[in-house]
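Trainee: Supplied structure: start-v5.txt, compact mmCIF, C-alpha atoms.
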```txt
# COMPACT_ATOMS: atom_id res chain seq x y z
CA MET L 1 88.11 119.50 57.42
CA TRP L 2 89.07 115.88 58.01
CA ARG L 3 92.61 116.97 58.71
CA SER L 4 91.34 119.30 61.43
CA VAL L 5 89.24 116.52 62.97
CA ILE L 6 92.17 114.10 62.95
CA ALA L 7 94.50 116.69 64.46
CA PHE L 8 91.99 117.55 67.19
CA SER L 9 91.45 113.85 68.00
CA ALA L 10 95.18 113.24 68.27
CA LEU L 11 95.60 116.16 70.66
CA ALA L 12 92.66 114.96 72.76
CA LEU L 13 94.06 111.45 73.00
CA ALA L 14 97.49 112.76 73.96
CA GLY L 15 95.98 114.94 76.66
CA ALA L 16 93.91 112.06 78.00
CA GLY L 17 97.00 109.87 78.06
CA LEU L 18 98.95 112.40 80.08
CA THR L 19 96.06 112.83 82.50
CA GLY L 20 95.54 109.09 82.91
CA CYS L 21 99.19 108.50 83.68
CA ALA L 22 99.38 111.46 86.06
CA LEU L 23 102.32 112.76 84.03
CA ASN L 24 103.15 116.35 83.30
CA LYS L 25 106.11 116.92 81.03
CA PHE L 26 106.71 120.28 82.74
CA GLU L 27 106.68 118.79 86.25
CA ARG L 28 110.09 118.50 87.84
CA ARG L 29 111.38 115.82 90.16
CA ASP L 30 111.40 116.74 93.84
CA PRO L 31 114.90 117.97 94.77
CA TRP L 32 115.21 115.57 97.71
CA ARG L 33 115.20 112.60 95.34
CA ASP L 34 118.34 113.63 93.48
CA GLN L 35 119.94 114.66 96.78
CA ALA L 36 119.25 111.25 98.30
CA GLU L 37 120.80 109.59 95.25
CA GLN L 38 123.90 111.74 95.45
CA ILE L 39 124.39 111.06 99.15
CA CYS L 40 124.00 107.33 98.61
CA LEU L 41 126.46 107.33 95.71
CA SER L 42 129.00 109.49 97.55
CA LYS L 43 128.95 107.07 100.49
CA LYS L 44 129.45 104.16 98.07
CA LEU L 45 126.51 102.28 99.58
CA VAL L 46 126.11 100.36 96.31
CA THR L 47 129.10 98.61 94.77
CA PRO L 48 128.82 97.86 91.04
CA THR L 49 129.45 94.21 90.13
CA GLU L 50 128.65 91.92 87.23
CA PHE L 51 125.17 91.59 88.78
CA ILE L 52 124.65 95.26 89.66
CA ILE L 53 125.42 97.41 86.63
CA PRO L 54 125.13 101.23 86.43
CA VAL L 55 123.13 102.23 83.38
CA LYS L 56 122.23 105.45 81.60
CA GLU L 57 120.19 108.09 83.43
CA ILE L 58 116.41 107.74 83.16
CA ASP L 59 114.96 111.20 82.59
CA GLY L 60 111.21 111.15 82.00
CA PRO L 61 108.57 110.96 80.85
CA GLY L 62 107.63 113.82 83.13
CA PRO L 63 109.43 113.67 86.50
CA CYS L 64 109.91 109.89 86.29
CA GLY L 65 113.39 108.43 86.46
CA MET L 66 116.62 108.67 88.43
CA GLN L 67 120.10 110.07 87.91
CA GLN L 68 122.00 106.83 88.32
CA PRO L 69 119.90 103.70 87.81
CA PHE L 70 121.31 100.26 88.56
CA ARG L 71 120.26 97.19 86.60
CA VAL L 72 120.17 94.28 89.02
CA THR L 73 120.07 90.57 88.17
CA ARG L 74 121.30 89.14 91.50
CA LEU L 75 121.65 90.32 95.09
CA ALA L 76 123.91 89.48 98.03
CA GLY L 77 127.06 89.27 95.94
CA GLY L 78 125.39 87.04 93.37
CA THR L 79 124.10 84.42 95.83
CA VAL L 80 120.42 85.40 95.49
CA ALA L 81 118.90 85.36 92.01
CA LEU L 82 116.08 87.61 90.84
CA LYS L 83 113.25 86.02 88.90
CA GLN L 84 112.97 89.23 86.90
CA ARG L 85 115.57 91.92 86.44
CA MET L 86 115.15 95.01 88.60
CA THR L 87 116.02 98.66 87.97
CA LEU L 88 116.54 100.66 91.14
CA GLY L 89 118.11 103.85 92.39
CA CYS L 90 120.98 103.78 94.87
CA PRO L 91 118.95 104.42 98.09
CA ALA L 92 116.33 101.69 97.50
CA LEU L 93 118.91 99.18 96.29
CA SER L 94 121.15 99.84 99.28
CA GLU L 95 118.35 99.32 101.79
CA ALA L 96 117.08 96.24 99.94
CA GLU L 97 120.52 94.63 100.21
CA ALA L 98 120.70 95.45 103.94
CA TRP L 99 117.17 94.11 104.47
CA LEU L 100 118.11 90.88 102.73
CA ALA L 101 121.25 90.45 104.85
CA ASP L 102 119.83 91.51 108.23
CA THR L 103 116.33 90.06 108.12
CA ILE L 104 115.34 87.94 105.13
CA GLN L 105 118.21 85.45 105.17
CA PRO L 106 118.35 85.08 108.98
CA ALA L 107 114.57 84.56 109.02
CA ALA L 108 114.82 81.88 106.31
CA GLU L 109 117.49 80.06 108.31
CA LEU L 110 115.45 80.38 111.51
CA TYR L 111 112.16 79.07 110.13
CA PHE L 112 113.31 76.74 107.34
CA GLY L 113 116.94 75.94 108.08
CA GLN L 114 118.14 77.15 104.68
CA PRO L 115 118.68 80.44 102.83
CA VAL L 116 116.62 82.21 100.20
CA ALA L 117 118.01 81.47 96.74
CA GLU L 118 115.66 83.51 94.53
CA ILE L 119 113.30 86.46 94.93
CA ASN L 120 110.42 87.43 92.66
CA ALA L 121 110.15 91.22 92.87
CA GLY L 122 109.09 94.27 90.87
CA SER L 123 110.86 97.61 90.68
CA TYR L 124 110.95 100.64 88.32
CA ALA L 125 107.80 101.55 86.40
CA CYS L 126 106.72 105.07 85.44
CA ARG L 127 103.06 105.00 86.47
CA GLY L 128 100.51 106.42 88.83
CA ARG L 129 99.62 104.76 92.11
CA ASN L 130 97.30 101.84 91.50
CA ASN L 131 97.39 102.74 87.78
CA GLN L 132 94.48 105.10 88.37
CA PRO L 133 93.75 108.15 86.14
CA GLY L 134 94.92 111.33 87.84
CA ALA L 135 96.71 109.48 90.65
CA LYS L 136 100.00 110.73 92.05
CA LEU L 137 103.08 108.99 90.76
CA SER L 138 104.10 105.80 92.52
CA GLU L 139 107.52 105.58 94.16
CA HIS L 140 108.21 102.92 91.54
CA SER L 141 108.38 105.83 89.08
CA PHE L 142 111.65 106.91 90.70
CA GLY L 143 113.28 103.53 91.26
CA ASN L 144 112.55 104.07 94.94
CA ALA L 145 110.31 101.06 95.65
CA VAL L 146 110.30 97.27 95.56
CA ASP L 147 107.38 94.82 95.46
CA ILE L 148 108.11 91.33 96.82
CA MET L 149 105.81 88.59 95.54
CA SER L 150 107.64 85.42 96.56
CA PHE L 151 110.81 83.80 97.92
CA LYS L 152 112.35 80.53 96.71
CA LEU L 153 114.50 78.62 99.20
CA ALA L 154 117.68 76.70 98.39
CA ASP L 155 115.76 73.41 98.16
CA GLY L 156 113.28 74.90 95.65
CA TYR L 157 110.42 75.47 98.10
CA VAL L 158 108.53 78.68 97.22
CA ILE L 159 106.92 80.96 99.81
CA THR L 160 104.43 83.32 98.18
CA VAL L 161 103.25 86.41 100.01
CA LYS L 162 99.69 85.75 98.85
CA GLY L 163 99.53 82.20 100.20
CA GLY L 164 102.13 82.33 102.95
CA TRP L 165 100.71 85.29 104.87
CA ARG L 166 97.97 82.95 106.08
CA GLY L 167 99.83 79.74 105.28
CA THR L 168 101.77 77.34 107.50
CA GLU L 169 103.09 78.52 110.84
CA ALA L 170 106.61 78.64 109.45
CA GLU L 171 105.53 80.68 106.42
CA GLN L 172 103.57 83.10 108.58
CA GLY L 173 106.46 83.55 110.99
CA PHE L 174 108.99 84.06 108.20
CA LEU L 175 106.89 86.66 106.36
CA ARG L 176 106.17 88.57 109.56
CA GLU L 177 109.88 88.71 110.38
CA VAL L 178 110.48 90.01 106.84
CA PHE L 179 107.68 92.56 107.25
CA LEU L 180 108.87 93.92 110.60
CA GLY L 181 112.46 94.03 109.37
CA ALA L 182 111.32 96.15 106.43
CA CYS L 183 109.56 98.53 108.82
CA GLN L 184 112.95 99.25 110.39
CA ARG L 185 114.49 100.31 107.09
CA PHE L 186 111.81 101.73 104.78
CA THR L 187 109.43 104.66 105.19
CA THR L 188 106.50 102.82 103.60
CA VAL L 189 105.77 99.13 104.11
CA LEU L 190 102.44 97.65 103.02
CA ALA L 191 101.63 93.95 103.33
CA PRO L 192 98.50 91.79 103.02
CA GLY L 193 95.82 93.24 105.27
CA SER L 194 96.94 96.84 104.83
CA ASN L 195 94.36 97.37 102.07
CA VAL L 196 92.79 95.45 99.21
CA PHE L 197 95.61 96.31 96.82
CA HIS L 198 98.35 94.46 98.71
CA TYR L 199 96.84 91.01 99.09
CA ASP L 200 99.65 89.32 97.15
CA HIS L 201 102.86 91.28 97.78
CA ILE L 202 104.86 93.33 100.25
CA HIS L 203 105.51 96.86 99.03
CA VAL L 204 108.47 98.82 100.44
CA ASP L 205 109.67 102.29 99.50
CA LEU L 206 111.62 105.30 100.76
CA ALA L 207 109.01 108.00 100.16
CA ARG L 208 109.11 111.17 102.24
CA HIS L 209 105.84 111.63 104.12
CA ASP L 210 106.97 114.85 105.77
CA PRO L 211 109.63 117.49 104.97
CA ARG L 212 112.26 115.92 107.23
CA GLY L 213 111.56 112.36 106.16
CA LEU L 214 110.94 111.16 109.73
CA ARG L 215 107.40 109.84 109.35
CA ARG L 216 106.49 106.47 107.97
CA ILE L 217 103.66 104.10 107.13
CA CYS L 218 103.88 100.48 108.22
CA GLN L 219 100.71 98.40 107.81
CA PRO L 220 98.91 96.23 108.84
CA LEU L 221 98.91 96.06 112.62
CA ILE L 222 100.09 92.62 113.68
CA LYS L 223 100.51 90.79 116.97
CA PHE L 224 103.82 89.04 116.70
CA THR L 225 107.01 88.81 118.73
CA PRO L 226 110.00 88.77 116.34
CA GLN L 227 112.58 86.09 117.05
CA LEU L 228 115.37 87.89 115.22
CA GLY L 229 117.45 90.68 116.69
CA ALA L 230 118.96 88.64 119.49
CA GLU L 231 121.64 90.19 121.68
CA GLY L 232 125.00 90.40 120.02
CA ARG L 233 123.62 90.37 116.47
CA THR L 234 124.94 93.37 114.54
CA PRO L 235 123.17 94.69 111.42
CA SER L 236 125.23 94.70 108.21
CA ARG L 237 124.58 98.45 108.05
CA PRO L 238 123.31 100.86 110.72
CA LEU L 239 119.55 101.24 110.82
CA PRO L 240 118.06 104.59 109.76
CA PRO L 241 117.14 106.99 112.61
CA PRO L 242 113.82 106.24 114.35
CA ARG L 243 110.82 107.66 112.55
CA GLN L 244 107.34 108.62 113.69
CA PRO L 245 104.06 107.14 112.40
CA ALA L 246 102.67 109.05 109.44
CA PRO L 247 99.57 111.25 109.87
CA PRO L 248 96.28 110.21 108.21
CA GLN L 249 96.83 112.56 105.27
CA ALA L 250 100.22 111.03 104.38
CA PRO L 251 100.19 109.51 100.87
CA ILE L 252 100.18 105.72 100.66
CA ASP L 253 101.75 104.13 97.61
CA VAL L 254 98.90 101.86 96.54
CA GLU L 255 99.94 99.29 94.00
CA GLU L 256 98.13 96.68 91.93
CA ASP L 257 94.34 96.31 91.80
CA ASP L 258 92.84 93.43 93.76
CA PRO L 259 89.97 91.90 91.75
CA TYR L 260 89.15 89.49 94.55
CA GLY L 261 89.37 91.66 97.68
CA VAL L 262 90.94 90.70 100.97
CA THR L 263 89.32 88.37 103.47
CA PRO L 264 89.40 89.86 107.01
CA MET L 265 92.15 88.27 109.03
CA SER L 266 91.40 86.26 112.16
CA GLN L 267 92.82 86.84 115.60
CA ASN L 268 96.30 85.71 116.56
CA ARG L 269 96.73 83.34 119.49
CA ALA L 270 99.33 83.17 122.22
CA ALA L 271 102.35 80.88 121.76
CA THR L 272 105.72 80.02 123.20
CA GLN L 273 108.23 79.01 120.52
CA VAL L 274 109.16 79.56 116.91
CA ALA L 275 107.17 77.59 114.34
CA ARG L 276 109.35 75.65 111.91
CA ALA L 277 108.79 74.35 108.40
CA PRO L 278 106.08 71.66 108.20
CA ALA L 279 108.54 69.07 106.85
CA ARG L 280 110.36 69.16 110.18
CA PRO L 281 109.04 68.26 113.65
CA GLN L 282 106.43 70.81 114.63
CA GLU L 283 107.04 73.04 117.63
CA PRO L 284 104.59 75.20 119.55
CA ALA L 285 103.38 78.31 117.77
CA LEU L 286 104.76 81.83 117.81
CA HIS L 287 104.88 84.24 120.74
CA GLN L 288 102.01 86.60 121.34
CA ALA L 289 103.11 90.18 120.90
CA PRO L 290 103.37 92.67 123.75
CA ALA L 291 100.64 95.25 124.21
CA ALA L 292 102.75 97.86 122.39
CA TYR L 293 101.68 96.35 119.07
CA ALA L 294 97.95 96.54 119.70
CA SER L 295 96.39 99.97 119.62
CA VAL L 296 92.95 98.58 118.78
CA PRO L 297 91.53 95.29 120.17
CA PRO L 298 91.18 92.72 117.35
CA ARG L 299 87.76 91.54 116.26
CA PRO L 300 86.77 87.94 116.97
CA ALA L 301 87.50 85.55 114.12
CA PRO L 302 84.55 84.84 111.77
CA PRO L 303 83.33 81.21 111.77
CA ARG L 304 84.97 79.03 109.13
CA ALA L 305 83.93 75.59 108.08
CA ALA L 306 87.33 74.28 106.94
CA PRO L 307 90.22 73.85 107.25
CA PRO L 308 90.93 73.95 111.04
CA ARG L 309 92.87 77.00 112.08
CA SER L 310 96.55 76.74 112.96
CA ALA L 311 97.96 77.74 116.32
CA PHE L 312 99.08 81.06 114.82
CA GLU L 313 96.83 83.19 112.66
CA PRO L 314 96.89 86.75 111.27
CA ASP L 315 95.11 89.63 112.91
CA ALA L 316 91.52 90.65 112.78
CA MET L 317 91.83 94.02 111.07
CA PRO L 318 94.07 95.68 108.44
CA LEU L 319 95.45 98.49 110.63
CA SER L 320 98.62 100.52 111.04
CA ILE L 321 101.66 99.18 112.86
CA SER L 322 104.40 100.87 114.79
CA PRO L 323 107.62 98.96 115.46
CA PRO L 324 108.87 98.46 119.05
CA GLY L 325 109.49 101.73 120.83
CA ALA L 326 107.21 103.83 118.62
CA SER L 327 103.63 104.87 119.26
CA PRO L 328 100.96 103.04 117.21
CA GLY L 329 100.15 104.72 113.91
CA PRO L 330 96.78 106.04 112.74
CA LEU L 331 94.14 103.98 111.01
CA TYR L 332 93.63 104.07 107.24
```
Translate the structure of the given file into structure tokens.

Mentor:
Amino acid sequence: MWRSVIAFSALALAGAGLTGCALNKFERRDPWRDQAEQICLSKKLVTPTEFIIPVKEIDGPGPCGMQQPFRVTRLAGGTVALKQRMTLGCPALSEAEAWLADTIQPAAELYFGQPVAEINAGSYACRGRNNQPGAKLSEHSFGNAVDIMSFKLADGYVITVKGGWRGTEAEQGFLREVFLGACQRFTTVLAPGSNVFHYDHIHVDLARHDPRGLRRICQPLIKFTPQLGAEGRTPSRPLPPPRQPAPPQAPIDVEEDDPYGVTPMSQNRAATQVARAPARPQEPALHQAPAAYASVPPRPAPPRAAPPRSAFEPDAMPLSISPPGASPGPLY
């Protein structure tokens, strides 16, 4: 009898484990994922080096994994270190490298006068979104997503997403350039203010929110005029074709739990020039964005006792954002 009880308990625990992880060993990976990998590999968009090493296929559990994973210890030809090793598929790695070259490094030079030397980021993990029982699998389960927690500059100065999103003017400007640059390359971009789960990192992925892969999610709504993208500046790789904002039912890849919640952001103010690092002479604050970025009027800032607000502050509400030229996305 005890053997029967033990056997039944083991089966129950195994079933609960599969349910909690949203894994089904009979579920198959969506065909578009393998196709995207093959296209990326055939175009040689990722070049193996001593820092980017092809490793054995990851097949499971369930549909998790990728055909040709890359183990990454450094980016940008070895010039940018990773605080923790990443495992990514070809499409996400390719876009991450382009994002670093076209936006992150130019933004660091613009706002701090020096490049990024190290990035703290997360990558592959076979798990459900937000680690919730019964949740759909995260794009991290397919090596198709990156979470950025912080950037370290060449002089050792660290810009965290958690603190910098509402930090100094230079930190705010830098992170918003990084955010908007990601919206040009990835189909999902979620930063602080998008929801309570992204208060401390920027999540980017290449999920397909519609059959053709033309819709995207880019949150929150921000009022900010990017200073990058000046005339004559050519991206290291062509940008993906323009995409449309995702409909309300599109899945959002929610990440880590937020035990503290997110404080509503205050309203941004008008400005005229780029804010620089606080160690250097201060300049006037950042430009106010054109009306194309604001589909909903921001709420007035709640009263705060201290410290005094800077000339540039985040927005009033965690809403959707559409990049220049696209119609504003729906609210979530």

Trainee: Would you mind reading off the distance between CA of Cys126 (chain L) and CA of Cys218 (chain L), one decimal, in Å?

Mentor: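 Taking CA of Cys126 (chain L) and CA of Cys218 (chain L), their separation equals 23.4 Å.
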
Trainee: Which residue out of L:Thr225, L:Gln35, L:Gln184, L:Asn195 has the minimum interatomic distance to Trp99 (chain L) when only C-alpha atoms are used?

Mentor: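 Answer, going by the shortest atom-to-atom distance: L:Gln184.
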
Trainee: State, in Å with one decimal place, the distance from CA of Asp147 (chain L) to CA of Val80 (chain L).

Mentor: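 That distance, rounded to one decimal, is 16.1 Å.
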
Trainee: Taking only C-alpha atoms into account, name the residue in L:Leu180, L:Met149, L:Ala81, L:Ile52 that is nearest to His203 (chain L).

Mentor: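 Using only C-alpha atoms, His203 (chain L) sits closest to L:Met149.
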
Trainee: Smallest atom-to-atom distance to Asp34 (chain L): which of L:Asp59, L:Asp155, L:Glu50, L:Asp200, using all atoms listed in the file?

Mentor: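 Nearest to Asp34 (chain L): L:Asp59.
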